[in-house]
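S.K.: Before we start, here is the structure in question, set down as C-alpha cells.
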Amino acid sequence: MTAADDARFWNKTAERYAASKIADPGGYERTLERTRSFLQPNHRVLELGCGTGTTALRLAGSVGSYLATDISERMIGIARQKLDEEPVPGLSFRPAVAEDLADDDHRFDVILAYNYLHLVRDPDATLRTIARLLKPQGIFISKTPCLGEMNVLIRRVLLPAMRSVGKAPHVAVFGAKELMQMIVGKEMEIVAHENHATKGSETRPFIVAKNRDPEQFADEDRQ
C-alpha cells in the first residue's frame, strides 16, 4: 500500500467515521481540557489528522488561528460542512499531511496530532518535519495508539489480514517508550506524559513535547 492507498481508504470510510461515536468520552474530554491548558489566545495552531473536524471545532475558539489538516479530502469536506453550520473565527480546513506544509514560511506555536503518528508511513521523518514546522519553544501534543502494547494477535494477525483485503490502513507498530524515543532528540524534549483513559487499558499515551530553541542546542554543541 502507498500513501495514495491510505487516502483512498479514508475517503471511502469518511461518512462512517463521521457517524461513529467516541469510544472513551471521558478520556476525550480530559484530553481536550489538558490541551487547552497549553493554548493561548495569540497562538497559531496546526492539527494533523483532524478527521472530520470534531476536535478542531472544540479547540479553535481558544487560539488566534487554527489550521486543521487531513489526508482525506472527503474527511475535510465533511469538516468544512460542519464549519459552515457552526462558524469558528480563525479555523480553516485543508487536505494535507505534515510533509505538504514543510515549505511554508509560517511556523506554528502548537502542533496537535491525535491518532496520527501510527498511521504515517515514516513516523521518524514525520516527527522531523513537525519539529521544523514548530517555532522555537513551540509545543507538540500527541495522543497516539501504541499498537506495540496491544494484544499480539491484533497486531500480528488481525491487522495484516484486514490490510490485505483493504479493510484497514497502514499502521505502524511501536510502544510508548519507543514513541517517546522518536520524539526526543535534538529538536524536542518531553514535558508531559499522561494517561487519560477512563475505561479499559491505556494504549494511547498523551505526550507533550517542547521544541528546543536552536540557539540553546547550538550553545550545547560548543561546550
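Letters A, B, ... mark the chains of the C-alpha cells in the order given; residue numbers begin at 1 per chain; ligand numbers begin at 1, in order shown.
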Which residues are close to A:Arg16, i.e. within 12 Å by only C-alpha atoms, leaving aside same-chain residues fewer than 2 positions away? Reply as a short mmCIF file (atom, residue, chain, number, x, y, z; two decimals) with all heavy atoms, in the first residue's frame.
M.R.:
data_model
loop_
_atom_site.label_atom_id
_atom_site.label_comp_id
_atom_site.auth_asym_id
_atom_site.auth_seq_id
_atom_site.Cartn_x
_atom_site.Cartn_y
_atom_site.Cartn_z
N PHE A 9 -8.50 4.84 1.24
CA PHE A 9 -9.17 4.12 2.34
C PHE A 9 -9.97 5.09 3.20
O PHE A 9 -11.15 4.85 3.49
CB PHE A 9 -8.12 3.40 3.20
CG PHE A 9 -8.69 2.81 4.46
CD1 PHE A 9 -9.29 1.56 4.45
CD2 PHE A 9 -8.66 3.52 5.66
CE1 PHE A 9 -9.83 1.02 5.61
CE2 PHE A 9 -9.21 2.99 6.82
CZ PHE A 9 -9.79 1.73 6.79
N TRP A 10 -9.36 6.20 3.59
CA TRP A 10 -10.05 7.15 4.47
C TRP A 10 -11.17 7.88 3.74
O TRP A 10 -12.18 8.24 4.35
CB TRP A 10 -9.06 8.12 5.09
CG TRP A 10 -8.15 7.44 6.08
CD1 TRP A 10 -6.81 7.21 5.96
CD2 TRP A 10 -8.54 6.86 7.32
NE1 TRP A 10 -6.34 6.53 7.04
CE2 TRP A 10 -7.37 6.31 7.90
CE3 TRP A 10 -9.75 6.76 8.01
CZ2 TRP A 10 -7.39 5.66 9.14
CZ3 TRP A 10 -9.76 6.10 9.25
CH2 TRP A 10 -8.60 5.57 9.80
N ASN A 11 -11.00 8.09 2.44
CA ASN A 11 -12.10 8.69 1.67
C ASN A 11 -13.32 7.77 1.67
O ASN A 11 -14.46 8.21 1.80
CB ASN A 11 -11.65 8.95 0.23
CG ASN A 11 -10.83 10.22 0.09
OD1 ASN A 11 -10.94 11.13 0.90
ND2 ASN A 11 -9.99 10.26 -0.93
N LYS A 12 -13.07 6.47 1.53
CA LYS A 12 -14.18 5.51 1.50
C LYS A 12 -14.88 5.39 2.84
O LYS A 12 -16.08 5.09 2.90
CB LYS A 12 -13.66 4.13 1.05
CG LYS A 12 -13.31 4.02 -0.41
CD LYS A 12 -13.11 2.57 -0.83
CE LYS A 12 -11.97 1.92 -0.06
NZ LYS A 12 -11.70 0.53 -0.54
N THR A 13 -14.15 5.59 3.92
CA THR A 13 -14.72 5.40 5.25
C THR A 13 -15.15 6.71 5.91
O THR A 13 -15.58 6.71 7.06
CB THR A 13 -13.71 4.68 6.18
OG1 THR A 13 -12.53 5.49 6.30
CG2 THR A 13 -13.32 3.32 5.61
N ALA A 14 -15.05 7.83 5.19
CA ALA A 14 -15.27 9.14 5.81
C ALA A 14 -16.66 9.28 6.43
O ALA A 14 -16.79 9.75 7.57
CB ALA A 14 -15.05 10.25 4.77
N ALA A 18 -17.45 9.68 10.35
CA ALA A 18 -18.15 10.86 10.88
C ALA A 18 -19.32 10.48 11.77
O ALA A 18 -19.66 11.19 12.72
CB ALA A 18 -18.63 11.73 9.72
N ALA A 19 -19.94 9.34 11.47
CA ALA A 19 -21.11 8.90 12.23
C ALA A 19 -20.75 8.09 13.48
O ALA A 19 -21.62 7.83 14.32
CB ALA A 19 -22.02 8.05 11.34
N SER A 20 -19.48 7.71 13.61
CA SER A 20 -19.07 6.88 14.75
C SER A 20 -19.01 7.68 16.04
O SER A 20 -18.83 8.90 16.02
CB SER A 20 -17.71 6.23 14.47
OG SER A 20 -16.71 7.23 14.35
N LYS A 21 -19.16 6.98 17.16
CA LYS A 21 -19.13 7.63 18.47
C LYS A 21 -17.73 7.53 19.06
O LYS A 21 -16.96 6.61 18.76
CB LYS A 21 -20.14 6.96 19.40
CG LYS A 21 -21.60 7.14 18.97
CD LYS A 21 -22.54 6.49 19.98
CE LYS A 21 -23.99 6.70 19.56
NZ LYS A 21 -24.94 6.08 20.53
N GLY A 51 -9.37 14.42 10.81
CA GLY A 51 -10.59 13.68 10.52
C GLY A 51 -11.69 14.61 10.03
O GLY A 51 -11.48 15.44 9.15
N THR A 52 -12.87 14.49 10.62
CA THR A 52 -14.00 15.32 10.19
C THR A 52 -14.17 16.58 11.05
O THR A 52 -15.23 17.19 11.06
CB THR A 52 -15.29 14.50 10.20
OG1 THR A 52 -15.51 13.94 11.51
CG2 THR A 52 -15.21 13.35 9.19
N ARG A 74 -12.35 13.81 1.50
CA ARG A 74 -13.75 13.65 1.93
C ARG A 74 -13.91 13.99 3.41
O ARG A 74 -14.92 14.57 3.82
CB ARG A 74 -14.23 12.23 1.64
CG ARG A 74 -14.43 11.96 0.15
CD ARG A 74 -15.12 10.66 -0.10
NE ARG A 74 -15.27 10.39 -1.54
CZ ARG A 74 -15.79 9.28 -2.04
NH1 ARG A 74 -16.21 8.31 -1.23
NH2 ARG A 74 -15.87 9.12 -3.35
N MET A 75 -12.93 13.61 4.22
CA MET A 75 -12.97 14.00 5.64
C MET A 75 -13.00 15.52 5.75
O MET A 75 -13.80 16.09 6.51
CB MET A 75 -11.75 13.44 6.37
CG MET A 75 -11.71 11.94 6.50
SD MET A 75 -12.64 11.33 7.92
CE MET A 75 -11.96 9.67 8.04
N ILE A 78 -16.36 17.02 4.87
CA ILE A 78 -17.32 16.93 5.96
C ILE A 78 -17.01 17.97 7.03
O ILE A 78 -17.91 18.63 7.57
CB ILE A 78 -17.33 15.51 6.56
CG1 ILE A 78 -17.85 14.50 5.53
CG2 ILE A 78 -18.16 15.45 7.84
CD1 ILE A 78 -17.69 13.05 5.94
#
S.K.: May I have the residues within 9 Å of A:Leu57 as a list in words, using only C-alpha atoms and disregarding those fewer than 3 positions away in the same chain?
M.R.: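 Residues meeting the cut-off are Gly53, Thr54, Ala60, Gly61, Ala79, Lys82, Leu83, Glu86, Pro87, Val88 and Leu91 of chain A.
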S.K.: Give me, as a VMD selection string, all polymer residues having an atom no more than 7 Å from A:Ile190, counting only C-alpha atoms and skipping those fewer than 3 positions away in the same chain.
M.R.: chain A and resid 184 208 to 210
S.K.: Considering only C-alpha atoms, state which residue in the set A:Leu39, A:Ile183, A:Ile141, A:Val173 is at the smallest distance from A:Thr126.
M.R.: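 Checking each of A:Leu39, A:Ile183, A:Ile141, A:Val173 against A:Thr126, counting only C-alpha atoms, the winner is A:Ile183.
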S.K.: Mind checking DSSP for stretch 19-219 of chain A and telling me the strand (DSSP E or B) residues as a PyMOL selection string?
M.R.: chain A and resi 44-48+65-70+91-95+108-114+134-143+188-194+206-211
S.K.: Please identify all polymer residues within 9 Å of A:Ala3, counting only C-alpha atoms, omitting same-chain residues fewer than 3 positions from it, and present them as a PDB file with C-alpha atoms, in the first residue's frame.
M.R.:
ATOM      1  CA  ASP A   6      -4.290   5.329   2.564  1.00  0.00           C
ATOM      2  CA  ALA A   7      -6.074   8.420   1.239  1.00  0.00           C
ATOM      3  CA  ARG A   8      -8.484   6.253  -0.746  1.00  0.00           C
ATOM      4  CA  ILE A  71      -5.007  13.180   4.166  1.00  0.00           C
ATOM      5  CA  VAL A 120       2.043   7.715   8.800  1.00  0.00           C
ATOM      6  CA  ARG A 121       4.491   5.778   6.642  1.00  0.00           C
ATOM      7  CA  HIS A 170      -1.236   1.210   7.010  1.00  0.00           C
TER       8      HIS A 170
END
S.K.: Check the smallest atom-to-atom distance from each of A:Val110, A:Ser62, A:Gly77, A:Tyr116 to A:Cys50 using only C-alpha atoms, then report the winner.
M.R.: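 The shortest atom-to-atom distance to A:Cys50 comes from A:Tyr116.
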S.K.: Measuring between only C-alpha atoms, which one of A:Arg94, A:Arg204, A:His118, A:Arg212 shows the shortest distance to A:Val191?
M.R.: A:Arg212
S.K.: Could you pull the residues within 8 Å of A:His106, counting only C-alpha atoms, minus those fewer than 2 positions along the same chain, as a list in words?
M.R.: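 With the cut-off at 8 Å, the set is Asp104, Phe108 and Leu133 of chain A.
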S.K.: Could you please take those selected residues and save N, CA, C and O atoms as a compact mmCIF listing (two decimals), in the first residue's frame?
M.R.:
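Saved file selection.txt follows:
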# COMPACT_ATOMS: atom_id res chain seq x y z
N ASP A 104 6.24 25.78 3.71
CA ASP A 104 5.54 27.01 4.08
C ASP A 104 6.45 27.91 4.91
O ASP A 104 7.29 27.44 5.68
N PHE A 108 4.44 27.28 13.54
CA PHE A 108 3.31 27.17 14.45
C PHE A 108 3.77 27.18 15.91
O PHE A 108 4.84 26.67 16.25
N LEU A 133 8.36 22.52 11.60
CA LEU A 133 7.17 23.37 11.49
C LEU A 133 6.88 24.16 12.76
O LEU A 133 6.10 25.11 12.74
S.K.: When you count only C-alpha atoms, which of these residues is closest to A:Asp124: A:Glu15, A:Glu73, A:Glu178, A:Asp5?
M.R.: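 Among the listed residues, the smallest separation from A:Asp124 belongs to A:Glu178.
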S.K.: Run DSSP on the backbone of this structure and report the residues of chain A it assigns to alpha helix (DSSP H), as a ChimeraX atom specification.
M.R.: /A:3-19,25-36,54-59,73-85,123-133,152-153,159-164,176-183,214-222
S.K.: Tell me, as a PyMOL selection string, which residues lie within 12 Å of A:Ser37, counting only C-alpha atoms; anything in the same chain fewer than 3 positions away does not count.
M.R.: chain A and resi 30-34+40-41+59+62-63+110+139+141+208
S.K.: Next, write the just-selected residues to a file, as a PDB file, in the first residue's frame, keeping C-alpha atoms as the atom set.
M.R.:
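Below you can see out_11.pdb, which holds the result:
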ATOM      1  CA  ARG A  30      -9.781  15.150  29.663  1.00  0.00           C
ATOM      2  CA  THR A  31      -7.518  15.378  26.616  1.00  0.00           C
ATOM      3  CA  LEU A  32      -9.325  18.498  25.392  1.00  0.00           C
ATOM      4  CA  GLU A  33      -9.098  20.123  28.821  1.00  0.00           C
ATOM      5  CA  ARG A  34      -5.393  19.337  29.157  1.00  0.00           C
ATOM      6  CA  GLN A  40      -3.006  30.877  24.342  1.00  0.00           C
ATOM      7  CA  PRO A  41      -5.253  33.374  22.526  1.00  0.00           C
ATOM      8  CA  LEU A  59     -10.418  23.891  20.364  1.00  0.00           C
ATOM      9  CA  SER A  62      -9.161  29.215  22.260  1.00  0.00           C
ATOM     10  CA  VAL A  63      -6.476  30.443  19.829  1.00  0.00           C
ATOM     11  CA  VAL A 110       1.388  24.412  18.754  1.00  0.00           C
ATOM     12  CA  ILE A 139       4.604  22.739  21.708  1.00  0.00           C
ATOM     13  CA  ILE A 141       0.943  17.402  21.592  1.00  0.00           C
ATOM     14  CA  VAL A 208       3.575  16.849  25.272  1.00  0.00           C
TER      15      VAL A 208
END
S.K.: For A:Phe206, which residue among A:Tyr66, A:Tyr17, A:Phe93, A:Phe140 is the nearest when counting only C-alpha atoms?
M.R.: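 Among the listed residues, A:Phe140 lies closest to A:Phe206.
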S.K.: Work out how far atom CA of A:Leu112 is from atom CA of A:Leu46, in Å to one decimal.
M.R.: 6.2 Å
S.K.: Within 12 Å of A:Leu101, counting only C-alpha atoms, which residues qualify if same-chain residues fewer than 2 places away don't, as a ChimeraX atom specification?
M.R.: /A:46-48,67-70,94-99,103-108,126,129-134
